[in-house]
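Since the structure comes first, as structure tokens, the remarks are kept for the end.
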Amino acid sequence: MLEMVTDWSARFAAFAGRFAERFSRVEPRRQMVFYLRGLLAEAERKNGWTLAEMAGETGPQGMQRLLNFYAWDAEGMRDDVRTAVVDVLGDAERGVLIADETGFVKKGTKSAGVARQYSGTAGRIENSQIGVFLAYASDRGRALIDRELYLPKEWIADRGRCAAAGIPDDVGFATKPELAQLMVERALAARIPFAWFTADEAYGQVGRLRLWLEEHDIAHVLAVPKSQMVISMDLRQRRVHAVIADVDPATWQRLSCGDGAHGQRIYDWAAVDIRPLRRPGVDHWLLARRSVSDPTETAYYICFGPADTDIHELVRVAGSRWAIEESFQTAKNETGLDHYQVRRYQAWYRHITLSMAAAAFLVITRDAAKKGDLHPV
């Protein structure tokens with residue numbers, strides 16, 4: 001046990017040291033270490049008061065200064081977190097980037113971006129903030145690597161309200177798919193090794209995003225609604241549910257799309273070619289996932305990738321989308337992703353980045369434990 005504690009402490013010190021250059025002064029750097037330790041602790045709630053108590057401080061002022069006043073580079077730290085994750089999980093042949101959003105239920109009207117809007121977390125329209133995230137997943141694990149706060153149009157239209165929440169004047173309106181594209185652009189610029197991109201219907205139904213991905217040769221499997229139009233192989237525009245309705249019953253295959261909370265996630269799957277006009281070496285497919293217990297329950301995906309891709313790979317990528325949901329759950333339950341009590345724009349990014357860093361440390365430590373590696377990272 002002593003060896004395990006010593007090893008954990010050494011790993012944590014080495015991990016936190018990766019971010020040292022993002023802090024120009026020792027005080028905020030030390031506070032960052034306290035904050036990360038608190039996020040990794042077993043406390044039920046991880047707000048300024050509880051984090052301060054775990055750090056041996058008499059009040060939350062130090063934690064609040066870290067989020068609101070100290071000068072440090074949260075964007076640079078985000079990049080460091082991404083690098084740390086990819087150093088351990090990176091896989092150029094099977095790595096998947098996943099975009100999705102999660103809600104943070106909030107009271108009042110002053111927190112940056114808060115509005116009555118649909119929150120998948122709450123499952124209804126709720127007064128909340130919405131964060132759009134990018135996760136990285138491979139056979140070795142998954143973790144959040146980027147984040148953006150969604151600002152509704154009514155916020156951007158009221159620059160006085162923006163100024164009060166610390167939102168810079170040069171921040172304009174961006175849709176959630178545009179925020180996802182921005183994060184993929186950053187991953188490309190950083191040369192993150194990945195083979196596929198995936199996201200749910202909110203992103204897959206946006207033609208501009210799909211076109212941008214194709215233009216950059218980014219293979220993708222994107223969920224779309226049943227009403228989505230595609231070009232069938234006879235050059236007709238058809239809704240995806242109609243295309244799949246014509247599939248030969250023998251085309252369907254019963255396959256697993258990965259492990260779930262209750263074992264393998266087994267569905268019936270079918271893939272058909274679409275868009276006959278294409279560039280050499282790439283292909284386009286419409287993928288369908290049908291429930292085994294209720295055949296009327298069907299999901300659809302528009303896919304683009306190397307021409308030699310088989311249905312098993314498309315199914316694997318479609319199934320990997322659940323990795324970001326698991327990452328949200330881990331970060332909320334274990335590293336306080338949604339425990340913050342801040343209102344200002346910069347403070348949101350700083351807390352979320354620190355929570356992502358703490359979650360990344362858990363991923364890295366668990367990977368080392370699987371390999372039996374007892375040496376510090």
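Identifiers in the structure tokens: chain A, B, ... in order shown; residue index from 1 per chain; ligand index from 1 in order shown.
Shell of Leu182 of chain A at 12 Å, with only C-alpha atoms counted and residues fewer than 4 places along the chain excluded, is Ala99, Val132, Phe133, Leu134, Asp146, Arg147, Glu148, Ala174, Thr175, Lys176, Pro177, Glu178, Arg186, Ala187, Leu188, Ala189, Leu209, Trp212 and Leu213 of chain A.
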Selection file, N, CA, C and O atoms, as a PDB file, in the first residue's frame:
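The file below, selection35.pdb, is the result:
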ATOM      1  N   ALA A  99     -17.409  14.333 -30.951  1.00  0.00           N
ATOM      2  CA  ALA A  99     -17.964  15.607 -30.503  1.00  0.00           C
ATOM      3  C   ALA A  99     -19.337  15.389 -29.887  1.00  0.00           C
ATOM      4  O   ALA A  99     -20.133  14.588 -30.386  1.00  0.00           O
ATOM      5  N   VAL A 132     -19.752  22.316 -25.343  1.00  0.00           N
ATOM      6  CA  VAL A 132     -19.486  21.397 -26.452  1.00  0.00           C
ATOM      7  C   VAL A 132     -18.074  20.861 -26.257  1.00  0.00           C
ATOM      8  O   VAL A 132     -17.134  21.641 -26.022  1.00  0.00           O
ATOM      9  N   PHE A 133     -17.923  19.548 -26.347  1.00  0.00           N
ATOM     10  CA  PHE A 133     -16.652  18.912 -26.022  1.00  0.00           C
ATOM     11  C   PHE A 133     -16.170  18.022 -27.160  1.00  0.00           C
ATOM     12  O   PHE A 133     -16.963  17.545 -27.978  1.00  0.00           O
ATOM     13  N   LEU A 134     -14.866  17.797 -27.159  1.00  0.00           N
ATOM     14  CA  LEU A 134     -14.245  16.831 -28.059  1.00  0.00           C
ATOM     15  C   LEU A 134     -13.536  15.793 -27.199  1.00  0.00           C
ATOM     16  O   LEU A 134     -12.790  16.149 -26.280  1.00  0.00           O
ATOM     17  N   ASP A 146     -10.903  18.672 -25.413  1.00  0.00           N
ATOM     18  CA  ASP A 146     -11.136  20.061 -25.792  1.00  0.00           C
ATOM     19  C   ASP A 146     -12.544  20.445 -25.366  1.00  0.00           C
ATOM     20  O   ASP A 146     -13.401  19.576 -25.128  1.00  0.00           O
ATOM     21  N   ARG A 147     -12.786  21.772 -25.293  1.00  0.00           N
ATOM     22  CA  ARG A 147     -14.080  22.257 -24.797  1.00  0.00           C
ATOM     23  C   ARG A 147     -14.357  23.659 -25.297  1.00  0.00           C
ATOM     24  O   ARG A 147     -13.452  24.449 -25.491  1.00  0.00           O
ATOM     25  N   GLU A 148     -15.622  23.960 -25.507  1.00  0.00           N
ATOM     26  CA  GLU A 148     -16.070  25.301 -25.852  1.00  0.00           C
ATOM     27  C   GLU A 148     -17.427  25.547 -25.192  1.00  0.00           C
ATOM     28  O   GLU A 148     -18.274  24.646 -25.132  1.00  0.00           O
ATOM     29  N   ALA A 174     -21.556  31.284 -32.539  1.00  0.00           N
ATOM     30  CA  ALA A 174     -21.152  30.075 -33.254  1.00  0.00           C
ATOM     31  C   ALA A 174     -22.110  28.961 -32.873  1.00  0.00           C
ATOM     32  O   ALA A 174     -22.440  28.791 -31.693  1.00  0.00           O
ATOM     33  N   THR A 175     -22.581  28.224 -33.868  1.00  0.00           N
ATOM     34  CA  THR A 175     -23.443  27.080 -33.587  1.00  0.00           C
ATOM     35  C   THR A 175     -22.628  25.976 -32.927  1.00  0.00           C
ATOM     36  O   THR A 175     -21.394  25.973 -32.955  1.00  0.00           O
ATOM     37  N   LYS A 176     -23.314  25.019 -32.363  1.00  0.00           N
ATOM     38  CA  LYS A 176     -22.610  23.897 -31.739  1.00  0.00           C
ATOM     39  C   LYS A 176     -21.786  23.107 -32.755  1.00  0.00           C
ATOM     40  O   LYS A 176     -20.634  22.757 -32.467  1.00  0.00           O
ATOM     41  N   PRO A 177     -22.311  22.820 -33.964  1.00  0.00           N
ATOM     42  CA  PRO A 177     -21.464  22.160 -34.965  1.00  0.00           C
ATOM     43  C   PRO A 177     -20.243  22.999 -35.355  1.00  0.00           C
ATOM     44  O   PRO A 177     -19.172  22.444 -35.615  1.00  0.00           O
ATOM     45  N   GLU A 178     -20.390  24.322 -35.386  1.00  0.00           N
ATOM     46  CA  GLU A 178     -19.238  25.170 -35.690  1.00  0.00           C
ATOM     47  C   GLU A 178     -18.197  25.098 -34.581  1.00  0.00           C
ATOM     48  O   GLU A 178     -16.988  25.109 -34.851  1.00  0.00           O
ATOM     49  N   ARG A 186      -8.359  22.378 -34.378  1.00  0.00           N
ATOM     50  CA  ARG A 186      -7.231  22.444 -33.440  1.00  0.00           C
ATOM     51  C   ARG A 186      -6.533  21.093 -33.342  1.00  0.00           C
ATOM     52  O   ARG A 186      -5.302  21.018 -33.245  1.00  0.00           O
ATOM     53  N   ALA A 187      -7.312  20.017 -33.360  1.00  0.00           N
ATOM     54  CA  ALA A 187      -6.705  18.682 -33.313  1.00  0.00           C
ATOM     55  C   ALA A 187      -5.863  18.424 -34.557  1.00  0.00           C
ATOM     56  O   ALA A 187      -4.779  17.840 -34.474  1.00  0.00           O
ATOM     57  N   LEU A 188      -6.346  18.854 -35.707  1.00  0.00           N
ATOM     58  CA  LEU A 188      -5.576  18.702 -36.943  1.00  0.00           C
ATOM     59  C   LEU A 188      -4.280  19.507 -36.879  1.00  0.00           C
ATOM     60  O   LEU A 188      -3.209  19.013 -37.252  1.00  0.00           O
ATOM     61  N   ALA A 189      -4.385  20.754 -36.410  1.00  0.00           N
ATOM     62  CA  ALA A 189      -3.203  21.610 -36.327  1.00  0.00           C
ATOM     63  C   ALA A 189      -2.157  21.022 -35.386  1.00  0.00           C
ATOM     64  O   ALA A 189      -0.950  21.187 -35.599  1.00  0.00           O
ATOM     65  N   LEU A 209     -20.900  20.862 -42.101  1.00  0.00           N
ATOM     66  CA  LEU A 209     -19.893  20.139 -41.335  1.00  0.00           C
ATOM     67  C   LEU A 209     -19.437  18.900 -42.092  1.00  0.00           C
ATOM     68  O   LEU A 209     -18.237  18.623 -42.185  1.00  0.00           O
ATOM     69  N   TRP A 212     -17.172  19.950 -44.930  1.00  0.00           N
ATOM     70  CA  TRP A 212     -15.848  20.353 -44.445  1.00  0.00           C
ATOM     71  C   TRP A 212     -15.000  19.128 -44.107  1.00  0.00           C
ATOM     72  O   TRP A 212     -13.808  19.073 -44.423  1.00  0.00           O
ATOM     73  N   LEU A 213     -15.595  18.143 -43.465  1.00  0.00           N
ATOM     74  CA  LEU A 213     -14.868  16.919 -43.131  1.00  0.00           C
ATOM     75  C   LEU A 213     -14.371  16.217 -44.391  1.00  0.00           C
ATOM     76  O   LEU A 213     -13.221  15.756 -44.448  1.00  0.00           O
TER      77      LEU A 213
END
DSSP-assigned helix (DSSP H, G or I) members of segment 82-296 of chain A, reported as a ChimeraX atom specification: /A:82-89,153-156,159-164,176-189,201-204,207-215,240-245,249-251
Segment 246-250 of chain A surroundings by only C-alpha atoms, 12 Å radius, close-in-sequence under 4 positions cut, as a ChimeraX atom specification: /A:232,238-242,254,268-273,286-288
Keeping only N, CA and C atoms, write the selected residues as a PDB file, in the first residue's frame.
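Now in result.pdb:
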ATOM      1  N   SER A 232     -29.043   8.407 -53.592  1.00  0.00           N
ATOM      2  CA  SER A 232     -28.940   6.954 -53.721  1.00  0.00           C
ATOM      3  C   SER A 232     -28.135   6.601 -54.959  1.00  0.00           C
ATOM      4  N   ARG A 238     -33.266  10.739 -51.782  1.00  0.00           N
ATOM      5  CA  ARG A 238     -34.225   9.943 -51.017  1.00  0.00           C
ATOM      6  C   ARG A 238     -33.947  10.113 -49.527  1.00  0.00           C
ATOM      7  N   ARG A 239     -34.976   9.922 -48.735  1.00  0.00           N
ATOM      8  CA  ARG A 239     -34.796   9.960 -47.284  1.00  0.00           C
ATOM      9  C   ARG A 239     -34.131   8.659 -46.836  1.00  0.00           C
ATOM     10  N   VAL A 240     -33.326   8.776 -45.787  1.00  0.00           N
ATOM     11  CA  VAL A 240     -32.529   7.607 -45.394  1.00  0.00           C
ATOM     12  C   VAL A 240     -33.406   6.438 -44.970  1.00  0.00           C
ATOM     13  N   HIS A 241     -34.528   6.705 -44.335  1.00  0.00           N
ATOM     14  CA  HIS A 241     -35.368   5.579 -43.895  1.00  0.00           C
ATOM     15  C   HIS A 241     -35.952   4.845 -45.095  1.00  0.00           C
ATOM     16  N   ALA A 242     -36.199   5.563 -46.189  1.00  0.00           N
ATOM     17  CA  ALA A 242     -36.727   4.914 -47.395  1.00  0.00           C
ATOM     18  C   ALA A 242     -35.662   4.069 -48.068  1.00  0.00           C
ATOM     19  N   ARG A 254     -26.003  -9.169 -37.458  1.00  0.00           N
ATOM     20  CA  ARG A 254     -26.063  -8.942 -36.007  1.00  0.00           C
ATOM     21  C   ARG A 254     -24.637  -8.800 -35.482  1.00  0.00           C
ATOM     22  N   ASP A 268     -28.718  -5.178 -34.917  1.00  0.00           N
ATOM     23  CA  ASP A 268     -28.675  -5.570 -36.324  1.00  0.00           C
ATOM     24  C   ASP A 268     -28.220  -4.354 -37.134  1.00  0.00           C
ATOM     25  N   TRP A 269     -27.293  -4.582 -38.081  1.00  0.00           N
ATOM     26  CA  TRP A 269     -26.696  -3.489 -38.843  1.00  0.00           C
ATOM     27  C   TRP A 269     -26.778  -3.776 -40.340  1.00  0.00           C
ATOM     28  N   ALA A 270     -26.931  -2.707 -41.119  1.00  0.00           N
ATOM     29  CA  ALA A 270     -26.878  -2.819 -42.578  1.00  0.00           C
ATOM     30  C   ALA A 270     -26.169  -1.587 -43.129  1.00  0.00           C
ATOM     31  N   ALA A 271     -25.361  -1.789 -44.153  1.00  0.00           N
ATOM     32  CA  ALA A 271     -24.655  -0.680 -44.808  1.00  0.00           C
ATOM     33  C   ALA A 271     -24.879  -0.788 -46.312  1.00  0.00           C
ATOM     34  N   VAL A 272     -25.240   0.346 -46.928  1.00  0.00           N
ATOM     35  CA  VAL A 272     -25.440   0.380 -48.376  1.00  0.00           C
ATOM     36  C   VAL A 272     -24.669   1.563 -48.955  1.00  0.00           C
ATOM     37  N   ASP A 273     -24.224   1.409 -50.183  1.00  0.00           N
ATOM     38  CA  ASP A 273     -23.514   2.491 -50.859  1.00  0.00           C
ATOM     39  C   ASP A 273     -24.477   3.624 -51.195  1.00  0.00           C
ATOM     40  N   LEU A 286     -24.510   4.599 -46.304  1.00  0.00           N
ATOM     41  CA  LEU A 286     -25.574   4.829 -45.333  1.00  0.00           C
ATOM     42  C   LEU A 286     -25.601   3.600 -44.438  1.00  0.00           C
ATOM     43  N   LEU A 287     -25.391   3.821 -43.149  1.00  0.00           N
ATOM     44  CA  LEU A 287     -25.361   2.738 -42.164  1.00  0.00           C
ATOM     45  C   LEU A 287     -26.628   2.820 -41.321  1.00  0.00           C
ATOM     46  N   ALA A 288     -27.227   1.671 -41.034  1.00  0.00           N
ATOM     47  CA  ALA A 288     -28.427   1.628 -40.200  1.00  0.00           C
ATOM     48  C   ALA A 288     -28.205   0.679 -39.032  1.00  0.00           C
TER      49      ALA A 288
END
Write out as a PDB file with N, CA and C atoms, in the first residue's frame which residues come within 12 Å of Gln205 of chain A when counting only C-alpha atoms, dropping same-chain ones fewer than 4 positions away.
ATOM      1  N   PRO A 177     -22.311  22.820 -33.964  1.00  0.00           N
ATOM      2  CA  PRO A 177     -21.464  22.160 -34.965  1.00  0.00           C
ATOM      3  C   PRO A 177     -20.243  22.999 -35.355  1.00  0.00           C
ATOM      4  N   ALA A 199     -20.181  11.779 -34.327  1.00  0.00           N
ATOM      5  CA  ALA A 199     -21.023  12.661 -33.516  1.00  0.00           C
ATOM      6  C   ALA A 199     -22.471  12.264 -33.714  1.00  0.00           C
ATOM      7  N   ASP A 200     -23.357  12.829 -32.889  1.00  0.00           N
ATOM      8  CA  ASP A 200     -24.765  12.461 -32.972  1.00  0.00           C
ATOM      9  C   ASP A 200     -25.516  13.303 -34.003  1.00  0.00           C
ATOM     10  N   GLU A 201     -26.836  13.169 -34.033  1.00  0.00           N
ATOM     11  CA  GLU A 201     -27.660  13.806 -35.066  1.00  0.00           C
ATOM     12  C   GLU A 201     -27.522  15.325 -35.109  1.00  0.00           C
ATOM     13  N   LEU A 209     -20.900  20.862 -42.101  1.00  0.00           N
ATOM     14  CA  LEU A 209     -19.893  20.139 -41.335  1.00  0.00           C
ATOM     15  C   LEU A 209     -19.437  18.900 -42.092  1.00  0.00           C
ATOM     16  N   ARG A 210     -20.375  18.151 -42.664  1.00  0.00           N
ATOM     17  CA  ARG A 210     -20.002  16.950 -43.413  1.00  0.00           C
ATOM     18  C   ARG A 210     -19.128  17.318 -44.610  1.00  0.00           C
ATOM     19  N   LEU A 211     -19.483  18.394 -45.305  1.00  0.00           N
ATOM     20  CA  LEU A 211     -18.695  18.828 -46.457  1.00  0.00           C
ATOM     21  C   LEU A 211     -17.286  19.222 -46.037  1.00  0.00           C
ATOM     22  N   VAL A 221     -18.355   8.893 -39.317  1.00  0.00           N
ATOM     23  CA  VAL A 221     -19.621   8.175 -39.175  1.00  0.00           C
ATOM     24  C   VAL A 221     -20.501   9.083 -38.328  1.00  0.00           C
ATOM     25  N   LEU A 222     -21.488   9.718 -38.962  1.00  0.00           N
ATOM     26  CA  LEU A 222     -22.295  10.734 -38.295  1.00  0.00           C
ATOM     27  C   LEU A 222     -23.759  10.338 -38.264  1.00  0.00           C
ATOM     28  N   ALA A 223     -24.341  10.342 -37.087  1.00  0.00           N
ATOM     29  CA  ALA A 223     -25.766  10.020 -36.958  1.00  0.00           C
ATOM     30  C   ALA A 223     -26.606  11.106 -37.627  1.00  0.00           C
ATOM     31  N   VAL A 224     -27.690  10.699 -38.243  1.00  0.00           N
ATOM     32  CA  VAL A 224     -28.615  11.630 -38.913  1.00  0.00           C
ATOM     33  C   VAL A 224     -30.048  11.213 -38.600  1.00  0.00           C
ATOM     34  N   PRO A 225     -30.995  12.148 -38.686  1.00  0.00           N
ATOM     35  CA  PRO A 225     -32.404  11.780 -38.468  1.00  0.00           C
ATOM     36  C   PRO A 225     -32.945  10.970 -39.640  1.00  0.00           C
ATOM     37  N   LYS A 226     -34.056  10.290 -39.420  1.00  0.00           N
ATOM     38  CA  LYS A 226     -34.645   9.433 -40.463  1.00  0.00           C
ATOM     39  C   LYS A 226     -35.080  10.226 -41.686  1.00  0.00           C
ATOM     40  N   SER A 227     -35.308  11.539 -41.508  1.00  0.00           N
ATOM     41  CA  SER A 227     -35.753  12.383 -42.620  1.00  0.00           C
ATOM     42  C   SER A 227     -34.600  12.925 -43.465  1.00  0.00           C
ATOM     43  N   GLN A 228     -33.353  12.612 -43.083  1.00  0.00           N
ATOM     44  CA  GLN A 228     -32.193  13.125 -43.815  1.00  0.00           C
ATOM     45  C   GLN A 228     -32.218  12.659 -45.276  1.00  0.00           C
ATOM     46  N   MET A 229     -31.944  13.591 -46.187  1.00  0.00           N
ATOM     47  CA  MET A 229     -31.894  13.254 -47.607  1.00  0.00           C
ATOM     48  C   MET A 229     -30.485  12.835 -48.004  1.00  0.00           C
ATOM     49  N   VAL A 230     -30.403  11.804 -48.871  1.00  0.00           N
ATOM     50  CA  VAL A 230     -29.121  11.362 -49.429  1.00  0.00           C
ATOM     51  C   VAL A 230     -29.318  11.077 -50.920  1.00  0.00           C
ATOM     52  N   VAL A 240     -33.326   8.776 -45.787  1.00  0.00           N
ATOM     53  CA  VAL A 240     -32.529   7.607 -45.394  1.00  0.00           C
ATOM     54  C   VAL A 240     -33.406   6.438 -44.970  1.00  0.00           C
ATOM     55  N   TYR A 300     -29.719   5.937 -37.951  1.00  0.00           N
ATOM     56  CA  TYR A 300     -29.095   6.051 -39.269  1.00  0.00           C
ATOM     57  C   TYR A 300     -27.818   6.883 -39.177  1.00  0.00           C
ATOM     58  N   TYR A 301     -26.843   6.547 -40.040  1.00  0.00           N
ATOM     59  CA  TYR A 301     -25.554   7.228 -40.053  1.00  0.00           C
ATOM     60  C   TYR A 301     -25.108   7.443 -41.499  1.00  0.00           C
ATOM     61  N   ILE A 302     -24.635   8.647 -41.789  1.00  0.00           N
ATOM     62  CA  ILE A 302     -23.958   8.916 -43.058  1.00  0.00           C
ATOM     63  C   ILE A 302     -22.458   8.734 -42.827  1.00  0.00           C
ATOM     64  N   CYS A 303     -21.833   7.950 -43.701  1.00  0.00           N
ATOM     65  CA  CYS A 303     -20.431   7.567 -43.503  1.00  0.00           C
ATOM     66  C   CYS A 303     -19.589   7.936 -44.724  1.00  0.00           C
TER      67      CYS A 303
END
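Restricting the calculation to only C-alpha atoms, the smallest distance between Ala112 of chain A and any of A:Gln341, A:Thr353, A:Ser9, A:Ser256 is found for A:Gln341.
Proximity to Lys110 of chain A was assessed for A:Arg161, A:Asn68, A:Arg18, A:Ser128 counting only C-alpha atoms; the smallest distance is recorded for A:Arg161.
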Selection near segment 191-195 of chain A, 8 Å with only C-alpha atoms, sequence-local residues under 5 positions removed, as JSON, numbers by chain: {"A": [86, 90, 91, 92, 93, 94, 95, 96, 97, 218, 219]}
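For Glu75 of chain A, the set of protein, DNA and RNA residues having any atom at most 10 Å away, when counting only C-alpha atoms and skipping those fewer than 2 positions along the same chain, is Arg22, Trp72, Asp73, Met77, Arg78, Asp79, Asp80, Val81, Asp146, Arg147, Tyr349, Arg350 and Thr353 of chain A.
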Let's see if you can do this: from backbone DSSP, list all strand (DSSP E or B) residues in segment 3-142 of chain A, as a short mmCIF file (atom, residue, chain, number, x, y, z; two decimals) with C-alpha atoms, in the first residue's frame.
data_model
loop_
_atom_site.label_atom_id
_atom_site.label_comp_id
_atom_site.auth_asym_id
_atom_site.auth_seq_id
_atom_site.Cartn_x
_atom_site.Cartn_y
_atom_site.Cartn_z
CA PHE A 23 1.94 29.78 -14.97
CA TRP A 72 -2.26 31.82 -16.50
CA VAL A 96 -11.62 8.33 -32.95
CA LEU A 97 -12.48 11.97 -32.27
CA ILE A 98 -15.98 12.39 -30.82
CA ALA A 99 -17.96 15.61 -30.50
CA ASP A 100 -20.92 16.04 -28.18
CA GLU A 101 -22.42 18.46 -25.70
CA THR A 102 -23.44 18.32 -22.08
CA GLY A 103 -25.54 20.63 -19.93
CA PHE A 104 -24.79 22.35 -16.65
CA VAL A 105 -28.00 23.33 -14.86
CA ALA A 115 -30.36 30.39 -20.87
CA ARG A 116 -33.50 28.31 -20.96
CA GLN A 117 -32.39 25.74 -23.51
CA TYR A 118 -32.59 22.01 -24.07
CA SER A 119 -30.16 20.11 -21.88
CA ARG A 124 -35.71 18.80 -20.94
CA ILE A 125 -35.56 22.55 -21.50
CA GLU A 126 -33.83 23.92 -18.43
CA ASN A 127 -31.99 27.02 -17.27
CA SER A 128 -28.48 25.87 -18.08
CA GLN A 129 -25.13 26.37 -19.72
CA ILE A 130 -24.15 24.07 -22.60
CA GLY A 131 -20.57 22.96 -23.15
CA VAL A 132 -19.49 21.40 -26.45
CA PHE A 133 -16.65 18.91 -26.02
CA LEU A 134 -14.25 16.83 -28.06
CA ALA A 135 -13.14 13.44 -26.77
CA TYR A 136 -10.43 11.06 -27.95
CA ALA A 137 -11.04 7.31 -27.87
CA SER A 138 -8.97 4.28 -28.79
CA GLY A 141 -9.29 4.26 -23.26
CA ARG A 142 -10.99 7.61 -23.71
#
Close residues, Leu51 of chain A itself excluded, 10 Å, only C-alpha atoms, min 5 positions apart in chain, as a ChimeraX atom specification: /A:34-39,41,43,45-46,56-57,59-60,62-63
Take the selection from the previous step and output its residues with N, CA and C atoms, as a compact mmCIF listing (two decimals), in the first residue's frame.
# COMPACT_ATOMS: atom_id res chain seq x y z
N PHE A 34 -3.07 22.39 -5.86
CA PHE A 34 -4.08 22.17 -4.82
C PHE A 34 -5.45 21.88 -5.44
N TYR A 35 -5.77 22.64 -6.48
CA TYR A 35 -7.07 22.48 -7.14
C TYR A 35 -7.19 21.09 -7.76
N LEU A 36 -6.14 20.65 -8.47
CA LEU A 36 -6.18 19.32 -9.08
C LEU A 36 -6.29 18.23 -8.02
N ARG A 37 -5.53 18.37 -6.93
CA ARG A 37 -5.61 17.38 -5.85
C ARG A 37 -7.02 17.31 -5.30
N GLY A 38 -7.65 18.47 -5.12
CA GLY A 38 -9.00 18.49 -4.60
C GLY A 38 -9.99 17.83 -5.55
N LEU A 39 -9.83 18.08 -6.85
CA LEU A 39 -10.72 17.46 -7.83
C LEU A 39 -10.58 15.94 -7.85
N ALA A 41 -9.90 14.17 -5.16
CA ALA A 41 -10.25 13.64 -3.85
C ALA A 41 -11.64 13.01 -3.89
N ALA A 43 -14.29 13.77 -2.05
CA ALA A 43 -15.37 14.62 -1.56
C ALA A 43 -16.57 14.54 -2.50
N ARG A 45 -18.91 16.90 -3.07
CA ARG A 45 -18.99 18.14 -3.83
C ARG A 45 -17.61 18.78 -3.88
N LYS A 46 -17.27 19.35 -5.04
CA LYS A 46 -15.93 19.91 -5.23
C LYS A 46 -16.05 21.36 -5.70
N GLY A 56 -6.27 22.80 3.05
CA GLY A 56 -5.87 23.36 4.33
C GLY A 56 -6.01 24.87 4.40
N GLU A 57 -6.82 25.45 3.52
CA GLU A 57 -7.02 26.89 3.51
C GLU A 57 -8.30 27.25 4.28
N GLY A 59 -10.53 29.59 3.59
CA GLY A 59 -11.65 30.05 2.79
C GLY A 59 -11.39 29.83 1.32
N PRO A 60 -12.39 30.08 0.46
CA PRO A 60 -12.27 29.77 -0.97
C PRO A 60 -11.55 30.83 -1.78
N GLY A 62 -8.46 31.67 -2.37
CA GLY A 62 -7.35 31.22 -3.22
C GLY A 62 -7.84 30.50 -4.46
N MET A 63 -8.86 29.64 -4.30
CA MET A 63 -9.42 28.92 -5.43
C MET A 63 -10.13 29.88 -6.39
One-decimal distance in Å that lies between atom CA of Ala331 of chain A and atom CA of Ser355 of chain A: 6.8 Å
Interatomic distance (Å, one decimal) between atom CA of Val317 of chain A and atom CA of Thr198 of chain A: 7.0 Å
Which of A:Gln264, A:Ser327, A:Phe197, A:Arg321 sits closest to Met183 of chain A [using only C-alpha atoms]: A:Phe197
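Candidate residues A:Trp196, A:Tyr345, A:Trp8, A:Tyr150 were compared for distance to Ala368 of chain A, and the nearest is A:Trp8, using only C-alpha atoms.
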Rows by chain and residue number, segment 140-220 of chain A within 12 Å of segment 106-109 of chain A, shortest pair, only C-alpha atoms, as JSON lines:
{"residue": "A:Glu154", "atom": "CA", "partner": "A:Thr109", "partner_atom": "CA", "distance": 11.8}
{"residue": "A:Trp155", "atom": "CA", "partner": "A:Thr109", "partner_atom": "CA", "distance": 10.4}
{"residue": "A:Arg161", "atom": "CA", "partner": "A:Thr109", "partner_atom": "CA", "distance": 9.7}
{"residue": "A:Cys162", "atom": "CA", "partner": "A:Thr109", "partner_atom": "CA", "distance": 11.5}
{"residue": "A:Ala164", "atom": "CA", "partner": "A:Thr109", "partner_atom": "CA", "distance": 11.3}
{"residue": "A:Ala165", "atom": "CA", "partner": "A:Thr109", "partner_atom": "CA", "distance": 10.2}
